[in-house]
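S.K.: Next comes work_38.cif, mmCIF, C-alpha atoms:
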```cif
data_protein
#
loop_
_atom_site.label_atom_id
_atom_site.label_comp_id
_atom_site.auth_asym_id
_atom_site.auth_seq_id
_atom_site.Cartn_x
_atom_site.Cartn_y
_atom_site.Cartn_z
CA MET A 1 -37.99 -177.07 -57.08
CA ILE A 2 -38.14 -178.96 -53.79
CA ILE A 3 -39.33 -177.02 -50.72
CA GLN A 4 -37.72 -177.98 -47.44
CA PRO A 5 -39.61 -177.80 -44.10
CA GLY A 6 -37.34 -174.94 -42.99
CA ASP A 7 -38.33 -172.92 -46.05
CA ILE A 8 -42.04 -173.08 -45.16
CA CYS A 9 -41.37 -171.73 -41.67
CA HIS A 10 -39.24 -168.96 -43.19
CA LEU A 11 -42.08 -168.03 -45.57
CA ALA A 12 -44.64 -168.12 -42.75
CA ARG A 13 -42.49 -165.82 -40.59
CA GLN A 14 -42.39 -163.25 -43.36
CA ARG A 15 -46.17 -163.16 -43.71
CA PHE A 16 -47.06 -163.43 -40.00
CA PRO A 17 -44.39 -162.16 -37.64
CA ILE A 18 -44.47 -164.33 -34.51
CA GLY A 19 -44.14 -161.44 -32.05
CA ASN A 20 -47.28 -159.62 -33.31
CA LEU A 21 -49.81 -162.43 -33.78
CA TYR A 22 -52.38 -160.54 -31.69
CA LYS A 23 -52.00 -156.84 -31.13
CA PRO A 24 -54.91 -155.46 -29.10
CA THR A 25 -56.56 -152.43 -30.64
CA PHE A 26 -57.13 -149.14 -28.85
CA SER A 27 -60.84 -149.83 -28.34
CA SER A 28 -60.31 -153.22 -26.71
CA ILE A 29 -57.76 -151.71 -24.33
CA SER A 30 -59.76 -148.61 -23.44
CA MET A 31 -62.97 -150.56 -22.85
CA ASN A 32 -61.24 -152.70 -20.25
CA LYS A 33 -62.67 -151.51 -16.92
CA GLY A 34 -63.15 -147.96 -18.20
CA ARG A 35 -59.48 -147.04 -18.12
CA LYS A 36 -57.14 -145.10 -20.40
CA ILE A 37 -54.24 -146.77 -22.23
CA SER A 38 -51.89 -145.42 -19.56
CA GLY A 39 -54.00 -147.06 -16.84
CA GLY A 40 -55.53 -143.81 -15.58
CA LYS A 41 -59.23 -143.43 -14.83
CA TYR A 42 -61.71 -141.55 -16.95
CA HIS A 43 -63.25 -138.83 -14.74
CA ALA A 44 -66.64 -137.26 -15.42
CA ASN A 45 -66.43 -133.54 -16.08
CA ARG A 46 -69.64 -132.92 -14.12
CA LYS A 47 -72.32 -134.69 -12.10
CA LYS A 48 -75.54 -135.87 -13.71
CA LYS A 49 -78.47 -133.48 -13.70
CA LEU A 50 -81.75 -134.60 -12.14
CA PHE A 51 -83.42 -135.34 -15.49
CA GLU A 52 -80.41 -137.38 -16.64
CA LYS A 53 -80.52 -139.70 -13.64
CA ARG A 54 -82.14 -143.09 -14.08
CA ASN A 55 -85.31 -143.82 -12.15
CA GLN A 56 -85.60 -146.86 -9.96
CA THR A 57 -87.12 -149.80 -11.85
CA ARG A 58 -90.70 -150.35 -10.78
CA PHE A 59 -92.63 -153.58 -11.04
CA VAL A 60 -96.38 -153.57 -10.60
CA THR A 61 -97.38 -156.55 -8.47
CA LEU A 62 -100.71 -158.12 -7.70
CA GLY A 63 -102.26 -156.83 -4.46
CA GLU A 64 -104.27 -154.05 -2.83
CA THR A 65 -104.15 -150.98 -5.11
CA LYS A 66 -101.25 -148.67 -4.23
CA ARG A 67 -100.20 -145.59 -6.24
CA LYS A 68 -97.43 -143.03 -5.98
CA SER A 69 -96.98 -139.66 -7.67
CA LEU A 70 -93.65 -138.51 -9.06
CA ARG A 71 -92.50 -135.04 -10.04
CA VAL A 72 -91.42 -135.07 -13.67
CA LYS A 73 -89.88 -132.51 -16.01
CA GLY A 74 -91.72 -129.20 -16.20
CA GLY A 75 -93.10 -129.50 -12.66
CA ASN A 76 -95.78 -131.95 -13.77
CA THR A 77 -96.76 -135.01 -11.79
CA LYS A 78 -97.00 -138.59 -12.99
CA ALA A 79 -99.12 -141.19 -11.21
CA ILE A 80 -97.35 -144.53 -11.11
CA LEU A 81 -98.79 -147.82 -9.99
CA LEU A 82 -97.02 -150.03 -7.46
CA LYS A 83 -99.69 -152.66 -6.72
CA SER A 84 -103.12 -153.37 -8.13
CA ASN A 85 -105.78 -156.05 -8.28
CA GLU A 86 -108.17 -154.23 -10.65
CA VAL A 87 -108.08 -154.11 -14.44
CA ASN A 88 -109.97 -152.08 -17.06
CA LEU A 89 -111.05 -154.90 -19.36
CA MET A 90 -112.33 -154.35 -22.90
CA VAL A 91 -115.20 -156.73 -23.62
CA ASN A 92 -117.00 -156.35 -26.99
CA GLY A 93 -115.89 -152.70 -27.31
CA LYS A 94 -116.95 -151.73 -23.78
CA ALA A 95 -114.71 -151.29 -20.75
CA LYS A 96 -115.45 -153.15 -17.51
CA LYS A 97 -113.53 -152.91 -14.26
CA THR A 98 -112.85 -156.44 -12.96
CA GLN A 99 -110.66 -158.19 -10.42
CA ILE A 100 -107.36 -159.87 -11.30
CA VAL A 101 -107.16 -163.42 -9.96
CA ASN A 102 -103.67 -164.46 -11.04
CA VAL A 103 -100.81 -163.77 -13.47
CA LYS A 104 -100.57 -166.73 -15.86
CA GLU A 105 -97.52 -165.84 -17.96
CA THR A 106 -95.20 -162.94 -18.74
CA PRO A 107 -93.35 -163.00 -22.08
CA GLN A 108 -90.43 -160.84 -20.86
CA ASN A 109 -89.41 -163.20 -18.06
CA ARG A 110 -91.13 -166.39 -16.94
CA PHE A 111 -90.09 -165.78 -13.34
CA PHE A 112 -92.15 -162.56 -13.25
CA ALA A 113 -95.33 -164.63 -13.59
CA ARG A 114 -94.39 -166.61 -10.49
CA GLN A 115 -93.90 -163.35 -8.58
CA ASN A 116 -97.25 -161.95 -9.90
CA VAL A 117 -95.57 -159.05 -11.71
CA LEU A 118 -97.82 -157.20 -14.16
CA MET A 119 -96.35 -155.62 -17.31
CA LYS A 120 -97.25 -155.07 -20.95
CA GLY A 121 -98.02 -158.35 -22.71
CA SER A 122 -98.70 -160.30 -19.50
CA ILE A 123 -101.46 -162.90 -19.68
CA ILE A 124 -103.67 -162.53 -16.61
CA GLU A 125 -106.59 -164.50 -15.24
CA THR A 126 -109.57 -162.28 -14.38
CA SER A 127 -113.03 -162.98 -13.02
CA LEU A 128 -114.34 -162.84 -16.64
CA GLY A 129 -111.61 -165.02 -18.20
CA LYS A 130 -108.09 -164.75 -19.61
CA ALA A 131 -106.87 -161.31 -20.68
CA LYS A 132 -103.76 -159.68 -22.10
CA VAL A 133 -102.34 -156.45 -20.63
CA THR A 134 -102.14 -153.81 -23.39
CA ASN A 135 -100.50 -150.88 -21.57
CA ARG A 136 -97.47 -150.25 -19.36
CA PRO A 137 -98.91 -150.19 -15.82
CA SER A 138 -95.75 -148.88 -14.17
CA GLN A 139 -95.83 -145.79 -16.43
CA GLU A 140 -99.54 -145.03 -16.68
CA GLY A 141 -101.04 -145.63 -13.23
CA ASN A 142 -103.68 -148.18 -14.30
CA ILE A 143 -103.97 -151.56 -15.99
CA ASN A 144 -105.76 -151.95 -19.33
CA ALA A 145 -106.37 -155.34 -20.93
CA ILE A 146 -108.33 -157.09 -23.65
CA LEU A 147 -110.22 -160.35 -23.20
CA ILE A 148 -108.71 -163.28 -25.08
CA LYS A 149 -110.68 -166.22 -23.61
CA GLU A 150 -113.89 -166.44 -21.60
#
```
Rewrite the structure from the file as structure tokens, please.
M.R.:
Amino acid sequence: MIIQPGDICHLARQRFPIGNLYKPTFSSISMNKGRKISGGKYHANRKKKLFEKRNQTRFVTLGETKRKSLRVKGGNTKAILLKSNEVNLMVNGKAKKTQIVNVKETPQNRFFARQNVLMKGSIIETSLGKAKVTNRPSQEGNINAILIKE
């Protein structure tokens, strides 16, 4: 049996109809700009409650120590750190309070080191040597670190 070029196109049309090569699914349509299939908007049924709202992102920078207290759930307060130049450094199992000289590197974003932003995992230069920040300063109100080089 000899197959003609027209026969191949006829067979291909049966398997893959030309009009429906790509039919977008419901999810790809509905995710487009947060709209319904009809084009209408999705409206929230209520506003967000205070505990559901996102807090402003805080970055602890190098400078004169500056703290702020926030009211959190249950009426409690949380001390957050905005700026600091002191660190609680663990040296041979004992804690020492020393001065931060500079931020060497930040694994989350290399540009944070240039802006002297302190966060967990940052390598800092102290008066005693290089140290690594072990806590989250923006959440806890102080900076803890361990000495990695003297």
S.K.: Which neighbours of Asn85 (chain A) fall inside 12 Å, counting all atoms listed in the file, when residues of the same chain fewer than 3 positions from it are skipped, and could you give them as an MDAnalysis selection string?
M.R.: chainID A and resid 60:66 81:82 88 97:103 116:118 124:127 137 142:144
S.K.: Could you name the residues that touch Val72 (chain A) at 12 Å or less, counting only C-alpha atoms, but leaving out those on the same chain fewer than 2 positions away, as a list in words?
M.R.: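 Near Val72 (chain A), the qualifying residues are Leu50, Phe51, Glu52, Lys53, Asn55, Ser69, Leu70, Gly74, Gly75, Asn76, Thr77, Lys78, Ala79, Ile80 and Gln139 of chain A.
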S.K.: Those selected residues, please, written with C-alpha atoms and delivered as a short mmCIF file (atom, residue, chain, number, x, y, z; two decimals), in the coordinates of the input.
M.R.:
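Wrote part-v5.cif, looks like this:
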```cif
data_model
loop_
_atom_site.label_atom_id
_atom_site.label_comp_id
_atom_site.auth_asym_id
_atom_site.auth_seq_id
_atom_site.Cartn_x
_atom_site.Cartn_y
_atom_site.Cartn_z
CA LEU A 50 -81.75 -134.60 -12.14
CA PHE A 51 -83.42 -135.34 -15.49
CA GLU A 52 -80.41 -137.38 -16.64
CA LYS A 53 -80.52 -139.70 -13.64
CA ASN A 55 -85.31 -143.82 -12.15
CA SER A 69 -96.98 -139.66 -7.67
CA LEU A 70 -93.65 -138.51 -9.06
CA GLY A 74 -91.72 -129.20 -16.20
CA GLY A 75 -93.10 -129.50 -12.66
CA ASN A 76 -95.78 -131.95 -13.77
CA THR A 77 -96.76 -135.01 -11.79
CA LYS A 78 -97.00 -138.59 -12.99
CA ALA A 79 -99.12 -141.19 -11.21
CA ILE A 80 -97.35 -144.53 -11.11
CA GLN A 139 -95.83 -145.79 -16.43
#
```
S.K.: Considering all atoms listed in the file, state which residue in the set A:Phe59, A:Val91, A:Ile146, A:Lys47 is at the smallest distance from Ala113 (chain A).
M.R.: A:Phe59
S.K.: Taking only C-alpha atoms into account, name the residue in A:Gly129, A:Gly39, A:Gly34, A:Gly121 that is nearest to Ile148 (chain A).
M.R.: A:Gly129
S.K.: Given only C-alpha atoms as the basis, pick out the residue of A:Asn109, A:Asn92, A:Gln115, A:Ser84 nearest to Gly141 (chain A).
M.R.: A:Ser84
S.K.: Could you work out how far CA of Ala131 (chain A) lies from CA of Val87 (chain A), giving the answer in Å with one decimal?
M.R.: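 Rounded to one decimal, the two atoms are 9.6 Å apart.
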S.K.: Please measure the separation of CA of Val133 (chain A) and CA of Lys68 (chain A), giving the value in Å to one decimal.
M.R.: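 Separation between CA of Val133 (chain A) and CA of Lys68 (chain A): 20.5 Å.
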S.K.: Figure out the distance between CA of Ala44 (chain A) and CA of Thr57 (chain A), please, to one decimal in Å.
M.R.: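 Taking CA of Thr57 (chain A) and CA of Ala44 (chain A), their separation equals 24.3 Å.
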S.K.: Which is closest to Lys83 (chain A) among A:Leu128, A:Leu147, A:Ile37, A:Met119, if we use all atoms listed in the file?
M.R.: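 Closest to Lys83 (chain A), using all atoms listed in the file: A:Met119.
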S.K.: Determine the axis-aligned bounding box of all atoms of region 77-96 of chain A present in the file, pad each side by 5 Å, and express its centre and edge lengths in Å to one decimal place as JSON.
M.R.:
```
{"center_x": -106.9, "center_y": -145.9, "center_z": -17.0, "size_x": 30.2, "size_y": 31.7, "size_z": 30.6}
```
S.K.: Could N, CA and C atoms be built for region 79-113 of chain A and written out as an mmCIF file, in the coordinates of the input?
M.R.:
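Dumped everything to rebuild_24.cif:
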```cif
data_model
loop_
_atom_site.group_PDB
_atom_site.id
_atom_site.type_symbol
_atom_site.label_atom_id
_atom_site.label_comp_id
_atom_site.auth_asym_id
_atom_site.auth_seq_id
_atom_site.Cartn_x
_atom_site.Cartn_y
_atom_site.Cartn_z
ATOM 1 N N ALA A 79 -98.618 -140.170 -12.129
ATOM 2 C CA ALA A 79 -99.120 -141.190 -11.210
ATOM 3 C C ALA A 79 -98.580 -142.542 -11.660
ATOM 4 N N ILE A 80 -97.862 -143.199 -10.776
ATOM 5 C CA ILE A 80 -97.350 -144.530 -11.110
ATOM 6 C C ILE A 80 -98.016 -145.553 -10.207
ATOM 7 N N LEU A 81 -98.130 -146.744 -10.704
ATOM 8 C CA LEU A 81 -98.790 -147.820 -9.990
ATOM 9 C C LEU A 81 -97.748 -148.742 -9.384
ATOM 10 N N LEU A 82 -97.927 -149.108 -8.123
ATOM 11 C CA LEU A 82 -97.020 -150.030 -7.460
ATOM 12 C C LEU A 82 -97.659 -151.408 -7.286
ATOM 13 N N LYS A 83 -98.940 -151.406 -6.872
ATOM 14 C CA LYS A 83 -99.690 -152.660 -6.720
ATOM 15 C C LYS A 83 -101.113 -152.429 -7.207
ATOM 16 N N SER A 84 -101.721 -153.468 -7.720
ATOM 17 C CA SER A 84 -103.120 -153.370 -8.130
ATOM 18 C C SER A 84 -103.737 -154.745 -8.278
ATOM 19 N N ASN A 85 -105.040 -154.814 -8.029
ATOM 20 C CA ASN A 85 -105.780 -156.050 -8.280
ATOM 21 C C ASN A 85 -107.003 -155.787 -9.149
ATOM 22 N N GLU A 86 -107.073 -154.577 -9.759
ATOM 23 C CA GLU A 86 -108.170 -154.230 -10.650
ATOM 24 C C GLU A 86 -107.636 -153.994 -12.061
ATOM 25 N N VAL A 87 -108.473 -154.299 -13.046
ATOM 26 C CA VAL A 87 -108.080 -154.110 -14.440
ATOM 27 C C VAL A 87 -109.254 -153.532 -15.220
ATOM 28 N N ASN A 88 -108.964 -152.613 -16.144
ATOM 29 C CA ASN A 88 -109.970 -152.080 -17.060
ATOM 30 C C ASN A 88 -109.977 -153.011 -18.271
ATOM 31 N N LEU A 89 -110.995 -153.840 -18.359
ATOM 32 C CA LEU A 89 -111.050 -154.900 -19.360
ATOM 33 C C LEU A 89 -111.986 -154.524 -20.492
ATOM 34 N N MET A 90 -111.501 -154.630 -21.736
ATOM 35 C CA MET A 90 -112.330 -154.350 -22.900
ATOM 36 C C MET A 90 -113.052 -155.630 -23.316
ATOM 37 N N VAL A 91 -114.374 -155.586 -23.242
ATOM 38 C CA VAL A 91 -115.200 -156.730 -23.620
ATOM 39 C C VAL A 91 -116.216 -156.240 -24.657
ATOM 40 N N ASN A 92 -116.108 -156.731 -25.889
ATOM 41 C CA ASN A 92 -117.000 -156.350 -26.990
ATOM 42 C C ASN A 92 -117.077 -154.824 -27.179
ATOM 43 N N GLY A 93 -115.936 -154.145 -27.092
ATOM 44 C CA GLY A 93 -115.890 -152.700 -27.310
ATOM 45 C C GLY A 93 -116.274 -151.865 -26.109
ATOM 46 N N LYS A 94 -116.591 -152.485 -24.981
ATOM 47 C CA LYS A 94 -116.950 -151.730 -23.780
ATOM 48 C C LYS A 94 -115.991 -152.080 -22.656
ATOM 49 N N ALA A 95 -115.662 -151.084 -21.850
ATOM 50 C CA ALA A 95 -114.710 -151.290 -20.750
ATOM 51 C C ALA A 95 -115.444 -151.685 -19.472
ATOM 52 N N LYS A 96 -114.904 -152.704 -18.803
ATOM 53 C CA LYS A 96 -115.450 -153.150 -17.510
ATOM 54 C C LYS A 96 -114.301 -153.233 -16.520
ATOM 55 N N LYS A 97 -114.547 -152.805 -15.297
ATOM 56 C CA LYS A 97 -113.530 -152.910 -14.260
ATOM 57 C C LYS A 97 -113.745 -154.242 -13.540
ATOM 58 N N THR A 98 -112.744 -155.118 -13.586
ATOM 59 C CA THR A 98 -112.850 -156.440 -12.960
ATOM 60 C C THR A 98 -111.639 -156.716 -12.089
ATOM 61 N N GLN A 99 -111.734 -157.786 -11.336
ATOM 62 C CA GLN A 99 -110.660 -158.190 -10.420
ATOM 63 C C GLN A 99 -109.674 -159.113 -11.133
ATOM 64 N N ILE A 100 -108.394 -158.966 -10.788
ATOM 65 C CA ILE A 100 -107.360 -159.870 -11.300
ATOM 66 C C ILE A 100 -107.220 -161.015 -10.310
ATOM 67 N N VAL A 101 -107.280 -162.243 -10.818
ATOM 68 C CA VAL A 101 -107.160 -163.420 -9.960
ATOM 69 C C VAL A 101 -105.702 -163.852 -9.858
ATOM 70 N N ASN A 102 -105.029 -163.927 -11.021
ATOM 71 C CA ASN A 102 -103.670 -164.460 -11.040
ATOM 72 C C ASN A 102 -102.948 -164.006 -12.313
ATOM 73 N N VAL A 103 -101.615 -164.033 -12.268
ATOM 74 C CA VAL A 103 -100.810 -163.770 -13.470
ATOM 75 C C VAL A 103 -100.396 -165.120 -14.036
ATOM 76 N N LYS A 104 -100.846 -165.431 -15.254
ATOM 77 C CA LYS A 104 -100.570 -166.730 -15.860
ATOM 78 C C LYS A 104 -99.169 -166.798 -16.465
ATOM 79 N N GLU A 105 -98.844 -165.839 -17.348
ATOM 80 C CA GLU A 105 -97.520 -165.840 -17.960
ATOM 81 C C GLU A 105 -97.103 -164.432 -18.333
ATOM 82 N N THR A 106 -95.787 -164.227 -18.361
ATOM 83 C CA THR A 106 -95.200 -162.940 -18.740
ATOM 84 C C THR A 106 -94.143 -163.220 -19.789
ATOM 85 N N PRO A 107 -94.291 -162.671 -21.008
ATOM 86 C CA PRO A 107 -93.350 -163.000 -22.080
ATOM 87 C C PRO A 107 -91.930 -162.483 -21.850
ATOM 88 N N GLN A 108 -91.761 -161.388 -21.087
ATOM 89 C CA GLN A 108 -90.430 -160.840 -20.860
ATOM 90 C C GLN A 108 -89.565 -161.760 -20.011
ATOM 91 N N ASN A 109 -90.175 -162.366 -18.992
ATOM 92 C CA ASN A 109 -89.410 -163.200 -18.060
ATOM 93 C C ASN A 109 -90.390 -164.149 -17.382
ATOM 94 N N ARG A 110 -90.167 -165.431 -17.495
ATOM 95 C CA ARG A 110 -91.130 -166.390 -16.940
ATOM 96 C C ARG A 110 -91.172 -166.352 -15.418
ATOM 97 N N PHE A 111 -90.109 -165.847 -14.800
ATOM 98 C CA PHE A 111 -90.090 -165.780 -13.340
ATOM 99 C C PHE A 111 -90.979 -164.659 -12.822
ATOM 100 N N PHE A 112 -91.260 -163.642 -13.660
ATOM 101 C CA PHE A 112 -92.150 -162.560 -13.250
ATOM 102 C C PHE A 112 -93.567 -163.080 -13.016
ATOM 103 N N ALA A 113 -93.990 -164.066 -13.771
ATOM 104 C CA ALA A 113 -95.330 -164.630 -13.590
ATOM 105 C C ALA A 113 -95.444 -165.306 -12.235
#
```
